[in-house]
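Novice: What follows is target_17.pdb, PDB, C-alpha atoms.
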MODEL        1
ATOM      1  CA  MET S   1      -3.639  30.628   7.916
ATOM      2  CA  ALA S   2      -6.356  28.841   9.882
ATOM      3  CA  SER S   3      -7.203  27.753  13.371
ATOM      4  CA  CYS S   4      -6.491  24.210  14.562
ATOM      5  CA  PRO S   5      -9.832  22.580  15.493
ATOM      6  CA  GLU S   6      -8.085  20.620  18.245
ATOM      7  CA  CYS S   7      -5.996  23.222  20.126
ATOM      8  CA  GLU S   8      -7.110  26.471  18.455
ATOM      9  CA  GLY S   9      -3.479  27.155  17.600
ATOM     10  CA  THR S  10      -2.649  28.999  14.410
ATOM     11  CA  VAL S  11      -1.766  26.766  11.478
ATOM     12  CA  VAL S  12       0.253  28.409   8.737
ATOM     13  CA  LEU S  13       0.839  26.577   5.456
ATOM     14  CA  THR S  14       3.859  27.570   3.405
ATOM     15  CA  GLU S  15       2.561  26.027   0.168
ATOM     16  CA  ARG S  16      -0.766  26.445  -1.583
ATOM     17  CA  PRO S  17      -3.135  24.073   0.225
ATOM     18  CA  GLN S  18      -5.003  21.354  -1.603
ATOM     19  CA  VAL S  19      -8.332  19.903  -0.573
ATOM     20  CA  SER S  20      -7.897  16.486   1.104
ATOM     21  CA  GLU S  21      -4.271  17.283   1.930
ATOM     22  CA  ILE S  22      -3.101  16.170   5.349
ATOM     23  CA  VAL S  23      -1.179  18.718   7.425
ATOM     24  CA  GLU S  24       0.029  18.757  11.006
ATOM     25  CA  CYS S  25      -0.636  21.407  13.607
ATOM     26  CA  SER S  26       2.758  22.732  14.724
ATOM     27  CA  GLU S  27       1.441  23.336  18.232
ATOM     28  CA  CYS S  28      -0.349  20.086  19.130
ATOM     29  CA  ALA S  29       0.891  17.772  16.314
ATOM     30  CA  THR S  30      -2.668  16.721  15.485
ATOM     31  CA  GLU S  31      -3.183  15.510  11.911
ATOM     32  CA  LEU S  32      -5.553  17.835  10.103
ATOM     33  CA  GLU S  33      -7.303  17.637   6.771
ATOM     34  CA  VAL S  34      -7.727  20.589   4.446
ATOM     35  CA  VAL S  35     -11.479  20.603   3.775
ATOM     36  CA  ALA S  36     -11.477  23.935   1.916
ATOM     37  CA  ALA S  37      -8.597  25.856   0.392
ATOM     38  CA  GLU S  38     -10.206  29.277   0.117
ATOM     39  CA  PRO S  39     -10.700  30.283   2.825
ATOM     40  CA  LEU S  40      -8.409  27.708   4.400
ATOM     41  CA  THR S  41     -10.526  25.425   6.557
ATOM     42  CA  LEU S  42      -9.154  22.533   8.584
ATOM     43  CA  ALA S  43     -10.823  19.547  10.244
ATOM     44  CA  LEU S  44      -9.467  16.654  12.258
ATOM     45  CA  ALA S  45      -8.067  14.086   9.825
ATOM     46  CA  PRO S  46      -9.915  10.754   9.666
ATOM     47  CA  GLU S  47      -8.702   8.066  12.034
ATOM     48  CA  VAL S  48      -6.710   5.226  10.508
ATOM     49  CA  GLU S  49      -9.009   2.363   9.540
ATOM     50  CA  GLU S  50      -8.292  -1.350   9.528
ATOM     51  CA  ASP S  51      -7.943  -1.657   5.743
ATOM     52  CA  TRP S  52      -5.718   1.372   5.236
ATOM     53  CA  GLY S  53      -2.310   0.812   3.762
ATOM     54  CA  GLU S  54      -0.345   0.322   0.606
TER      55      GLU S  54
ATOM     56  CA  MET X   1     -17.487  16.739 -18.343
ATOM     57  CA  THR X   2     -13.948  17.608 -17.367
ATOM     58  CA  ALA X   3     -11.004  18.634 -19.484
ATOM     59  CA  ALA X   4      -8.632  16.529 -17.398
ATOM     60  CA  SER X   5      -7.246  13.387 -19.006
ATOM     61  CA  VAL X   6      -6.017  11.838 -15.768
ATOM     62  CA  ALA X   7      -7.912  11.545 -12.501
ATOM     63  CA  VAL X   8      -6.007  10.905  -9.302
ATOM     64  CA  PHE X   9      -8.361   9.076  -6.957
ATOM     65  CA  ALA X  10      -7.455   9.638  -3.304
ATOM     66  CA  SER X  11      -9.297  10.419  -0.094
ATOM     67  CA  ARG X  12      -6.065  11.469   1.548
ATOM     68  CA  VAL X  13      -3.615  13.673  -0.329
ATOM     69  CA  ARG X  14      -0.262  12.808   1.160
ATOM     70  CA  ALA X  15       3.205  13.909   0.106
ATOM     71  CA  ASP X  16       3.250  11.039  -2.415
ATOM     72  CA  GLU X  17       0.059  12.188  -4.143
ATOM     73  CA  LYS X  18       1.312  15.789  -4.176
ATOM     74  CA  ARG X  19       4.564  14.641  -5.791
ATOM     75  CA  ILE X  20       2.684  12.677  -8.453
ATOM     76  CA  MET X  21       0.382  15.587  -9.262
ATOM     77  CA  ALA X  22       3.347  17.979  -9.375
ATOM     78  CA  ALA X  23       5.078  15.577 -11.780
ATOM     79  CA  LEU X  24       1.942  15.495 -13.961
ATOM     80  CA  ASP X  25       1.941  19.318 -13.890
ATOM     81  CA  ARG X  26       5.578  19.440 -15.015
ATOM     82  CA  ARG X  27       4.726  17.172 -17.934
ATOM     83  CA  GLY X  28       1.766  19.285 -18.942
ATOM     84  CA  VAL X  29      -0.654  16.423 -18.301
ATOM     85  CA  ARG X  30      -4.142  17.703 -17.542
ATOM     86  CA  HIS X  31      -5.275  16.057 -14.348
ATOM     87  CA  GLU X  32      -7.636  16.475 -11.457
ATOM     88  CA  HIS X  33      -7.861  15.085  -7.965
ATOM     89  CA  ILE X  34     -11.038  13.209  -7.124
ATOM     90  CA  ASP X  35     -11.792  12.711  -3.450
ATOM     91  CA  THR X  36     -13.058   9.133  -3.429
ATOM     92  CA  ARG X  37     -15.297   9.918  -0.463
ATOM     93  CA  THR X  38     -17.417  12.000  -2.816
ATOM     94  CA  TYR X  39     -17.364   9.738  -5.880
ATOM     95  CA  TRP X  40     -20.375   7.789  -7.112
ATOM     96  CA  SER X  41     -21.748   6.584 -10.413
ATOM     97  CA  PHE X  42     -24.920   4.988 -11.719
ATOM     98  CA  VAL X  43     -24.781   1.355 -12.751
ATOM     99  CA  GLY X  44     -24.519   1.188 -16.538
ATOM    100  CA  GLU X  45     -23.543   4.825 -16.982
ATOM    101  CA  HIS X  46     -21.333   6.151 -19.773
ATOM    102  CA  PRO X  47     -17.541   5.860 -19.619
ATOM    103  CA  PRO X  48     -15.829   8.108 -17.098
ATOM    104  CA  PRO X  49     -14.592  11.457 -18.451
ATOM    105  CA  TRP X  50     -10.921  10.683 -17.884
ATOM    106  CA  ARG X  51      -8.612   8.750 -20.178
ATOM    107  CA  VAL X  52      -7.113   7.003 -17.172
ATOM    108  CA  VAL X  53      -7.619   6.921 -13.422
ATOM    109  CA  LEU X  54      -4.626   6.601 -11.127
ATOM    110  CA  ASN X  55      -6.001   4.884  -8.045
ATOM    111  CA  ARG X  56      -4.199   6.149  -4.945
ATOM    112  CA  GLU X  57      -6.992   5.449  -2.470
ATOM    113  CA  ILE X  58      -5.536   4.490   0.909
ATOM    114  CA  ALA X  59      -8.494   2.386   2.108
ATOM    115  CA  HIS X  60      -8.288  -0.998   0.421
ATOM    116  CA  THR X  61     -12.025  -1.702   0.288
ATOM    117  CA  ARG X  62     -12.750   1.691  -1.253
ATOM    118  CA  ALA X  63      -9.780   1.368  -3.623
ATOM    119  CA  LEU X  64     -11.012  -1.994  -4.843
ATOM    120  CA  TYR X  65     -14.565  -0.810  -5.468
ATOM    121  CA  ALA X  66     -13.301   2.392  -7.097
ATOM    122  CA  ALA X  67     -11.279   0.291  -9.536
ATOM    123  CA  LYS X  68     -14.220  -2.023 -10.171
ATOM    124  CA  MET X  69     -16.525   0.951 -10.755
ATOM    125  CA  ILE X  70     -14.188   2.586 -13.276
ATOM    126  CA  GLU X  71     -13.763  -0.682 -15.169
ATOM    127  CA  ALA X  72     -17.516  -1.355 -15.068
ATOM    128  CA  LEU X  73     -18.001   2.030 -16.723
ATOM    129  CA  GLY X  74     -15.579   1.045 -19.463
ATOM    130  CA  GLY X  75     -12.728   3.179 -18.146
ATOM    131  CA  THR X  76      -9.066   2.464 -17.506
ATOM    132  CA  VAL X  77      -7.666   2.382 -14.005
ATOM    133  CA  VAL X  78      -4.117   1.878 -12.770
ATOM    134  CA  ASN X  79      -3.757  -0.491 -11.027
ATOM    135  CA  SER X  80      -6.530  -2.677 -12.382
ATOM    136  CA  ALA X  81      -9.283  -4.004 -10.142
ATOM    137  CA  ALA X  82      -7.899  -7.526 -10.505
ATOM    138  CA  ALA X  83      -4.420  -6.430  -9.427
ATOM    139  CA  THR X  84      -5.853  -4.446  -6.521
ATOM    140  CA  GLU X  85      -7.886  -7.443  -5.408
ATOM    141  CA  THR X  86      -4.929  -9.806  -5.630
ATOM    142  CA  CYS X  87      -2.485  -7.507  -3.855
ATOM    143  CA  GLY X  88      -4.994  -6.647  -1.153
ATOM    144  CA  ASP X  89      -5.383 -10.250  -0.090
ATOM    145  CA  LYS X  90      -2.231 -11.998   1.104
ATOM    146  CA  TRP X  91      -3.511 -15.449   0.227
ATOM    147  CA  ARG X  92      -4.397 -14.445  -3.342
ATOM    148  CA  THR X  93      -0.967 -12.840  -3.619
ATOM    149  CA  SER X  94       0.715 -16.034  -2.427
ATOM    150  CA  LEU X  95      -1.273 -18.053  -4.970
ATOM    151  CA  ALA X  96      -0.253 -15.697  -7.792
ATOM    152  CA  LEU X  97       3.422 -15.731  -6.785
ATOM    153  CA  ARG X  98       3.391 -19.501  -6.481
ATOM    154  CA  ALA X  99       1.635 -19.930  -9.850
ATOM    155  CA  ALA X 100       4.357 -17.793 -11.444
ATOM    156  CA  GLY X 101       7.013 -20.055  -9.923
ATOM    157  CA  LEU X 102       8.484 -17.292  -7.762
ATOM    158  CA  PRO X 103      10.277 -17.986  -4.485
ATOM    159  CA  THR X 104       8.004 -17.157  -1.572
ATOM    160  CA  PRO X 105       7.950 -18.460   2.005
ATOM    161  CA  ARG X 106       6.014 -21.642   2.716
ATOM    162  CA  THR X 107       2.480 -20.473   3.363
ATOM    163  CA  ALA X 108      -0.825 -21.988   4.459
ATOM    164  CA  LEU X 109      -4.374 -20.823   5.028
ATOM    165  CA  GLY X 110      -6.451 -22.238   7.870
ATOM    166  CA  LEU X 111     -10.221 -21.967   7.684
ATOM    167  CA  THR X 112     -10.408 -21.739  11.471
ATOM    168  CA  PRO X 113      -7.828 -20.762  14.088
ATOM    169  CA  GLN X 114      -7.725 -24.424  15.143
ATOM    170  CA  ALA X 115      -6.902 -25.461  11.577
ATOM    171  CA  ALA X 116      -4.291 -22.726  11.397
ATOM    172  CA  LEU X 117      -2.676 -24.119  14.541
ATOM    173  CA  ALA X 118      -2.287 -27.461  12.804
ATOM    174  CA  ALA X 119      -0.860 -25.666   9.766
ATOM    175  CA  LEU X 120       1.646 -23.868  11.987
ATOM    176  CA  ASP X 121       2.706 -27.203  13.466
ATOM    177  CA  ALA X 122       3.325 -28.445   9.925
ATOM    178  CA  ILE X 123       5.297 -25.318   8.955
ATOM    179  CA  GLY X 124       7.335 -25.359  12.150
ATOM    180  CA  TYR X 125       8.364 -22.620  14.539
ATOM    181  CA  PRO X 126       9.173 -19.759  14.541
ATOM    182  CA  ALA X 127       6.449 -18.735  12.133
ATOM    183  CA  VAL X 128       4.357 -15.718  11.262
ATOM    184  CA  VAL X 129       0.613 -15.073  11.462
ATOM    185  CA  LYS X 130      -0.723 -12.279   9.264
ATOM    186  CA  PRO X 131      -4.155 -10.781   8.701
ATOM    187  CA  LEU X 132      -5.455 -11.577   5.212
ATOM    188  CA  VAL X 133      -6.064  -7.907   4.523
ATOM    189  CA  GLY X 134      -3.958  -5.157   5.969
ATOM    190  CA  SER X 135      -0.773  -3.279   5.524
ATOM    191  CA  TRP X 136       2.059  -1.469   7.276
ATOM    192  CA  GLY X 137       2.860  -4.661   9.213
ATOM    193  CA  ARG X 138      -0.237  -4.172  11.324
ATOM    194  CA  LEU X 139      -1.130  -7.240  13.463
ATOM    195  CA  VAL X 140       1.618  -9.289  11.823
ATOM    196  CA  THR X 141       2.646 -11.614  14.635
ATOM    197  CA  ARG X 142       5.856 -13.536  15.081
ATOM    198  CA  VAL X 143       5.047 -16.850  16.736
ATOM    199  CA  PRO X 144       8.120 -18.409  18.352
ATOM    200  CA  ASP X 145       6.569 -21.646  19.549
ATOM    201  CA  ARG X 146       3.364 -23.652  19.934
ATOM    202  CA  HIS X 147       2.546 -22.087  23.301
ATOM    203  CA  MET X 148       2.374 -18.628  21.763
ATOM    204  CA  ALA X 149       0.606 -19.983  18.675
ATOM    205  CA  THR X 150      -2.143 -21.455  20.859
ATOM    206  CA  THR X 151      -2.681 -18.116  22.587
ATOM    207  CA  VAL X 152      -2.693 -16.130  19.334
ATOM    208  CA  MET X 153      -5.291 -18.512  17.907
ATOM    209  CA  GLU X 154      -7.440 -18.048  21.019
ATOM    210  CA  TYR X 155      -7.376 -14.304  20.424
ATOM    211  CA  LEU X 156      -8.238 -14.756  16.731
ATOM    212  CA  ASP X 157     -11.101 -17.057  17.672
ATOM    213  CA  ALA X 158     -12.541 -14.276  19.835
ATOM    214  CA  LEU X 159     -12.565 -11.662  17.044
ATOM    215  CA  PRO X 160     -16.045 -10.804  15.743
ATOM    216  CA  ALA X 161     -15.303 -10.459  12.001
ATOM    217  CA  PRO X 162     -15.574 -13.826  10.200
ATOM    218  CA  GLN X 163     -12.646 -12.917   7.935
ATOM    219  CA  SER X 164     -10.409 -12.506  10.992
ATOM    220  CA  ARG X 165     -10.874 -16.214  11.694
ATOM    221  CA  ILE X 166      -9.553 -17.252   8.277
ATOM    222  CA  VAL X 167      -5.909 -17.410   9.230
ATOM    223  CA  TYR X 168      -2.901 -16.889   6.977
ATOM    224  CA  VAL X 169       0.275 -18.430   8.371
ATOM    225  CA  GLN X 170       3.768 -18.447   6.971
ATOM    226  CA  GLU X 171       7.251 -19.756   7.522
ATOM    227  CA  LEU X 172       9.448 -17.077   9.118
ATOM    228  CA  ILE X 173      12.450 -16.258   6.962
ATOM    229  CA  ILE X 174      15.255 -15.298   9.320
ATOM    230  CA  LYS X 175      16.409 -12.107   7.653
ATOM    231  CA  PRO X 176      19.557 -10.066   8.275
ATOM    232  CA  GLY X 177      17.694  -7.310  10.144
ATOM    233  CA  ARG X 178      16.369  -5.806   6.959
ATOM    234  CA  ASP X 179      14.154  -6.394   3.990
ATOM    235  CA  ILE X 180      14.126  -4.946   0.506
ATOM    236  CA  ARG X 181      11.551  -2.786  -1.246
ATOM    237  CA  VAL X 182      11.658  -2.655  -5.030
ATOM    238  CA  ILE X 183       9.395  -0.263  -6.892
ATOM    239  CA  VAL X 184       8.194  -1.451 -10.280
ATOM    240  CA  VAL X 185       6.541   0.901 -12.774
ATOM    241  CA  GLY X 186       5.317  -0.229 -16.162
ATOM    242  CA  GLY X 187       7.356  -3.427 -16.156
ATOM    243  CA  ASP X 188      10.607  -1.751 -15.055
ATOM    244  CA  ALA X 189      12.228  -1.990 -11.648
ATOM    245  CA  VAL X 190      13.024   1.675 -11.002
ATOM    246  CA  GLY X 191      15.028   1.224  -7.806
ATOM    247  CA  ALA X 192      15.430  -0.603  -4.525
ATOM    248  CA  THR X 193      15.931   0.240  -0.888
ATOM    249  CA  TYR X 194      16.841  -1.659   2.238
ATOM    250  CA  ARG X 195      14.491  -1.171   5.177
ATOM    251  CA  HIS X 196      15.915  -1.872   8.577
ATOM    252  CA  GLY X 197      14.965  -1.111  12.130
ATOM    253  CA  ASP X 198      14.964  -2.274  15.709
ATOM    254  CA  HIS X 199      11.742  -4.201  15.256
ATOM    255  CA  TRP X 200      11.574  -7.469  13.297
ATOM    256  CA  ARG X 201       8.786  -5.903  11.223
ATOM    257  CA  THR X 202      10.756  -3.602   8.949
ATOM    258  CA  ASN X 203       7.889  -1.519   7.565
ATOM    259  CA  VAL X 204       8.580   2.181   7.049
ATOM    260  CA  ALA X 205       5.158   2.815   8.605
ATOM    261  CA  ARG X 206       6.562   1.208  11.784
ATOM    262  CA  GLY X 207       9.569   3.504  11.822
ATOM    263  CA  ALA X 208      12.019   1.463   9.769
ATOM    264  CA  GLN X 209      14.887   3.378   8.200
ATOM    265  CA  THR X 210      15.604   3.202   4.493
ATOM    266  CA  GLU X 211      18.845   3.245   2.573
ATOM    267  CA  PRO X 212      19.745   2.576  -1.046
ATOM    268  CA  CYS X 213      20.014  -1.062  -2.116
ATOM    269  CA  PRO X 214      21.903  -2.124  -5.229
ATOM    270  CA  LEU X 215      19.383  -3.115  -7.871
ATOM    271  CA  THR X 216      20.969  -6.312  -9.137
ATOM    272  CA  ASP X 217      19.668  -8.087 -12.225
ATOM    273  CA  GLU X 218      18.388 -10.898  -9.996
ATOM    274  CA  LEU X 219      16.486  -8.513  -7.755
ATOM    275  CA  ALA X 220      15.098  -6.467 -10.633
ATOM    276  CA  LYS X 221      13.904  -9.537 -12.528
ATOM    277  CA  LEU X 222      12.348 -11.017  -9.420
ATOM    278  CA  ALA X 223      10.449  -7.811  -8.647
ATOM    279  CA  VAL X 224       9.249  -7.345 -12.213
ATOM    280  CA  ARG X 225       8.054 -10.947 -12.339
ATOM    281  CA  ALA X 226       6.268 -10.504  -9.008
ATOM    282  CA  ALA X 227       4.471  -7.383 -10.255
ATOM    283  CA  GLU X 228       3.521  -9.253 -13.433
ATOM    284  CA  ALA X 229       2.291 -12.214 -11.409
ATOM    285  CA  VAL X 230      -0.283 -10.059  -9.624
ATOM    286  CA  GLY X 231      -0.996  -7.930 -12.705
ATOM    287  CA  ALA X 232       0.228  -4.678 -11.147
ATOM    288  CA  GLU X 233       1.537  -1.898 -13.392
ATOM    289  CA  ILE X 234       2.740   0.112 -10.396
ATOM    290  CA  ALA X 235       3.921  -1.934  -7.449
ATOM    291  CA  GLY X 236       5.989  -1.982  -4.304
ATOM    292  CA  VAL X 237       7.489  -5.442  -4.093
ATOM    293  CA  ASP X 238       8.714  -6.619  -0.698
ATOM    294  CA  VAL X 239      11.598  -9.054  -0.810
ATOM    295  CA  VAL X 240      13.478 -10.725   2.014
ATOM    296  CA  GLU X 241      16.857 -12.467   2.071
ATOM    297  CA  ASN X 242      17.583 -15.555   4.106
ATOM    298  CA  ALA X 243      20.896 -16.351   5.778
ATOM    299  CA  ASP X 244      22.209 -17.852   2.520
ATOM    300  CA  GLY X 245      21.309 -14.739   0.542
ATOM    301  CA  GLU X 246      18.410 -16.402  -1.261
ATOM    302  CA  LEU X 247      15.614 -14.003  -2.133
ATOM    303  CA  PHE X 248      11.924 -14.544  -1.349
ATOM    304  CA  VAL X 249       8.996 -12.358  -2.366
ATOM    305  CA  LEU X 250       6.809 -11.566   0.627
ATOM    306  CA  GLU X 251       4.122  -9.399  -0.890
ATOM    307  CA  VAL X 252       3.273  -6.901  -3.589
ATOM    308  CA  ASN X 253       1.678  -3.560  -2.734
ATOM    309  CA  HIS X 254      -0.719  -2.001  -5.248
ATOM    310  CA  GLY X 255      -0.782   1.473  -3.703
ATOM    311  CA  VAL X 256       2.918   1.890  -3.149
ATOM    312  CA  GLU X 257       4.028   4.595  -0.720
ATOM    313  CA  PHE X 258       7.400   6.008  -1.637
ATOM    314  CA  SER X 259       8.342   8.930   0.614
ATOM    315  CA  GLY X 260      10.866   6.845   2.555
ATOM    316  CA  PHE X 261      12.080   5.225  -0.645
ATOM    317  CA  GLN X 262      12.547   8.617  -2.313
ATOM    318  CA  ARG X 263      14.467  10.000   0.671
ATOM    319  CA  ALA X 264      16.852   7.041   0.476
ATOM    320  CA  VAL X 265      17.493   7.083  -3.261
ATOM    321  CA  GLY X 266      17.678  10.875  -3.569
ATOM    322  CA  ARG X 267      17.948  12.138  -7.102
ATOM    323  CA  THR X 268      18.985   8.826  -8.615
ATOM    324  CA  VAL X 269      15.337   7.886  -9.145
ATOM    325  CA  ASP X 270      12.269  10.087  -9.516
ATOM    326  CA  VAL X 271       9.462   7.745  -8.478
ATOM    327  CA  ALA X 272       6.666  10.283  -8.911
ATOM    328  CA  GLY X 273       8.053  11.182 -12.329
ATOM    329  CA  ARG X 274       8.134   7.548 -13.389
ATOM    330  CA  ILE X 275       4.555   7.073 -12.229
ATOM    331  CA  ALA X 276       3.483  10.261 -14.037
ATOM    332  CA  ASP X 277       5.229   9.128 -17.234
ATOM    333  CA  HIS X 278       3.526   5.752 -17.049
ATOM    334  CA  VAL X 279       0.073   7.177 -16.419
ATOM    335  CA  ALA X 280       0.525   9.856 -19.090
ATOM    336  CA  GLY X 281       1.337   7.190 -21.624
ATOM    337  CA  ARG X 282      -1.458   4.908 -20.551
ATOM    338  CA  GLY X 283      -4.721   4.874 -22.409
ATOM    339  CA  PRO X 284      -7.669   2.581 -22.856
ATOM    340  CA  ALA X 285      -6.629  -0.965 -23.651
TER     341      ALA X 285
ENDMDL
END
Mind turning this structure into structure tokens?
Specialist:
Amino acid sequence: MASCPECEGTVVLTERPQVSEIVECSECATELEVVAAEPLTLALAPEVEEDWGE
Amino acid sequence: MTAASVAVFASRVRADEKRIMAALDRRGVRHEHIDTRTYWSFVGEHPPPWRVVLNREIAHTRALYAAKMIEALGGTVVNSAAATETCGDKWRTSLALRAAGLPTPRTALGLTPQAALAALDAIGYPAVVKPLVGSWGRLVTRVPDRHMATTVMEYLDALPAPQSRIVYVQELIIKPGRDIRVIVVGGDAVGATYRHGDHWRTNVARGAQTEPCPLTDELAKLAVRAAEAVGAEIAGVDVVENADGELFVLEVNHGVEFSGFQRAVGRTVDVAGRIADHVAGRGPA
């Protein structure tokens, strides 16, 4: 469980978090990045860049 | 030094990367995730500590340099730097497909927007303008006539990046509201899906829906040959049908995303498992 850096809502992950994993805040739908698993720490996920893709 | 034999390079761990790492876990393959945003190496350093690197970096520029770095260190990376470079540039991809004798839409490259306008006139309308580098259908523009083409070229001319003014233009294949994605792993076509949606750009990233597509011999061979043409061991090959049912290869993706594909095919194909099997069996050349 951690606090959303955007809306301060509570983010609960059902599976074991992994660093660099992207999760979504259930309250504000903001994309968040797991920057630390223990304790769970979330940051705003990076914005999409021009060369992102497949 | 790490005990892992496989490194999964990714700055963004999405559902696809989690599935691949879970599949490696199930196979007992020692692996570790490397956040590419933290990775560096000295020039001329010793080989990397992993037997193979699976490159799942989402940013093309970083993915390409990651692959080049691993190869420069004497390591093995899937896909190779050459394949990543070819797939990441639509013009290079077109050249590779053409050299392999594969059906692909008529394509031209203009060295200025003005030259591209002349190329579009030669191709005929409607046509398509695409950025040389980019994915998910981003900025891909359907140009119905010369009036629109002139305006699009004016916009391109105003863009600051020099590469934006090298313009890739292509014949528009009038497709039946869908295109086809074939995933190729280790020289095998593992499955295919249709992608269809309300928009003419039928990328899953743009909200297109996926459903299973019969993997015919023709489709499988075409996709495998396309992956070979660009040198990709793991590839998402985009194919489009014209009104007569003829198939054309549009592009080959080196960092294939497969969540939508997996949802469509269900349990008939385990994409992450196939990728894990391929990487687990891959060693230095």
Novice: Which distance in Å separates CA of Lys221 in chain X and CA of Arg98 in chain X, to one decimal?
Specialist: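 These two atoms are separated by 15.7 Å.
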Novice: Please, which residues are within 9 Å of (-2.7, 14.4, -17.5) by the file's coordinates, counting all atoms listed in the file, and could they come as JSON, numbers by chain?
Specialist: {"X": [4, 5, 6, 7, 21, 24, 25, 27, 28, 29, 30, 31, 32, 51, 52, 276, 279, 280]}
Novice: Take the residues just selected and output them with C-alpha atoms as an mmCIF file, in the coordinates of the input.
Specialist:
data_model
loop_
_atom_site.group_PDB
_atom_site.id
_atom_site.type_symbol
_atom_site.label_atom_id
_atom_site.label_comp_id
_atom_site.auth_asym_id
_atom_site.auth_seq_id
_atom_site.Cartn_x
_atom_site.Cartn_y
_atom_site.Cartn_z
ATOM 1 C CA ALA X 4 -8.632 16.529 -17.398
ATOM 2 C CA SER X 5 -7.246 13.387 -19.006
ATOM 3 C CA VAL X 6 -6.017 11.838 -15.768
ATOM 4 C CA ALA X 7 -7.912 11.545 -12.501
ATOM 5 C CA MET X 21 0.382 15.587 -9.262
ATOM 6 C CA LEU X 24 1.942 15.495 -13.961
ATOM 7 C CA ASP X 25 1.941 19.318 -13.890
ATOM 8 C CA ARG X 27 4.726 17.172 -17.934
ATOM 9 C CA GLY X 28 1.766 19.285 -18.942
ATOM 10 C CA VAL X 29 -0.654 16.423 -18.301
ATOM 11 C CA ARG X 30 -4.142 17.703 -17.542
ATOM 12 C CA HIS X 31 -5.275 16.057 -14.348
ATOM 13 C CA GLU X 32 -7.636 16.475 -11.457
ATOM 14 C CA ARG X 51 -8.612 8.750 -20.178
ATOM 15 C CA VAL X 52 -7.113 7.003 -17.172
ATOM 16 C CA ALA X 276 3.483 10.261 -14.037
ATOM 17 C CA VAL X 279 0.073 7.177 -16.419
ATOM 18 C CA ALA X 280 0.525 9.856 -19.090
#
Novice: Enumerate as a PyMOL selection string the residues belonging to chain X that approach chain S to within 9 Å, with all atoms listed in the file taken into account.
Specialist: chain X and resi 10-15+18+33+35+56-61+88+133-136+138+236+253-257
Novice: Using the chain letters and numbers from this file, what does the PyMOL selection byres ((chain S and resi 25) around 9) select? Give the answer as number ranges by chain.
Specialist: S: 4, 6-7, 9-12, 23-24, 26-32
Novice: Quick one: write out the picked residues with C-alpha atoms as a short mmCIF file (atom, residue, chain, number, x, y, z; two decimals), in the frame of the given file?
Specialist:
data_model
loop_
_atom_site.label_atom_id
_atom_site.label_comp_id
_atom_site.auth_asym_id
_atom_site.auth_seq_id
_atom_site.Cartn_x
_atom_site.Cartn_y
_atom_site.Cartn_z
CA CYS S 4 -6.49 24.21 14.56
CA GLU S 6 -8.09 20.62 18.24
CA CYS S 7 -6.00 23.22 20.13
CA GLY S 9 -3.48 27.16 17.60
CA THR S 10 -2.65 29.00 14.41
CA VAL S 11 -1.77 26.77 11.48
CA VAL S 12 0.25 28.41 8.74
CA VAL S 23 -1.18 18.72 7.42
CA GLU S 24 0.03 18.76 11.01
CA SER S 26 2.76 22.73 14.72
CA GLU S 27 1.44 23.34 18.23
CA CYS S 28 -0.35 20.09 19.13
CA ALA S 29 0.89 17.77 16.31
CA THR S 30 -2.67 16.72 15.48
CA GLU S 31 -3.18 15.51 11.91
CA LEU S 32 -5.55 17.84 10.10
#
Novice: Apply the PyMOL selection byres ((chain X and resi 262) around 12) to the file shown and report the selected residues as a VMD selection string.
Specialist: chain X and resid 15 to 16 19 181 to 183 190 to 193 209 to 212 256 to 261 263 to 274
Novice: So how far away is CA of Ala127 in chain X from CA of Val143 in chain X, in Å?
Specialist: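 Taking CA of Val143 in chain X and CA of Ala127 in chain X, their separation equals 5.2 Å.
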Novice: How big is the axis-aligned box, and where does its centre sit, when it encloses all atoms of range 8-16 of chain S listed in the file and has 5 Å added on every side, reported in Å to one decimal as AutoDock Vina command-line options?
Specialist:
--center_x -1.6 --center_y 27.5 --center_z 8.4 --size_x 21.0 --size_y 13.0 --size_z 30.0
Novice: Identify the residues around (-5.4, -12.8, 2.5) within a radius of 9 Å, measuring from all atoms listed in the file in the coordinates stated by the file, and give them as a list in words.
Specialist: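 The answer, in the requested form, is Thr86, Cys87, Gly88, Asp89, Lys90, Trp91, Arg92, Thr93, Ser94, Leu109, Lys130, Pro131, Leu132, Val133, Gly134, Ile166, Val167 and Tyr168 of chain X.
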Novice: May I have the residues within 8 Å of Thr41 in chain S as a ChimeraX atom specification, using all atoms listed in the file and disregarding those fewer than 4 positions away in the same chain?
Specialist: /S:2-3,34-37
Novice: Those residues you just picked out, can you put them in a file as a PDB file, keeping the file's coordinate frame with C-alpha atoms?
Specialist:
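Done, and the output landed in part_13.pdb:
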ATOM      1  CA  ALA S   2      -6.356  28.841   9.882  1.00  0.00           C
ATOM      2  CA  SER S   3      -7.203  27.753  13.371  1.00  0.00           C
ATOM      3  CA  VAL S  34      -7.727  20.589   4.446  1.00  0.00           C
ATOM      4  CA  VAL S  35     -11.479  20.603   3.775  1.00  0.00           C
ATOM      5  CA  ALA S  36     -11.477  23.935   1.916  1.00  0.00           C
ATOM      6  CA  ALA S  37      -8.597  25.856   0.392  1.00  0.00           C
TER       7      ALA S  37
END
Novice: If we count only C-alpha atoms, what is near range 238-240 of chain X at a cut-off of 10 Å, once residues fewer than 2 positions away on the same chain are taken out, given as JSON, numbers by chain?
Specialist: {"X": [103, 104, 105, 173, 174, 175, 176, 177, 178, 179, 180, 181, 182, 183, 192, 193, 194, 195, 203, 219, 222, 223, 226, 235, 236, 242, 245, 246, 247, 248, 249, 250, 251, 252, 253]}
Novice: Please compute the CA of Gly281 in chain X-CA of Val184 in chain X distance, one decimal, in Å.
Specialist: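 Taking CA of Gly281 in chain X and CA of Val184 in chain X, their separation equals 15.8 Å.
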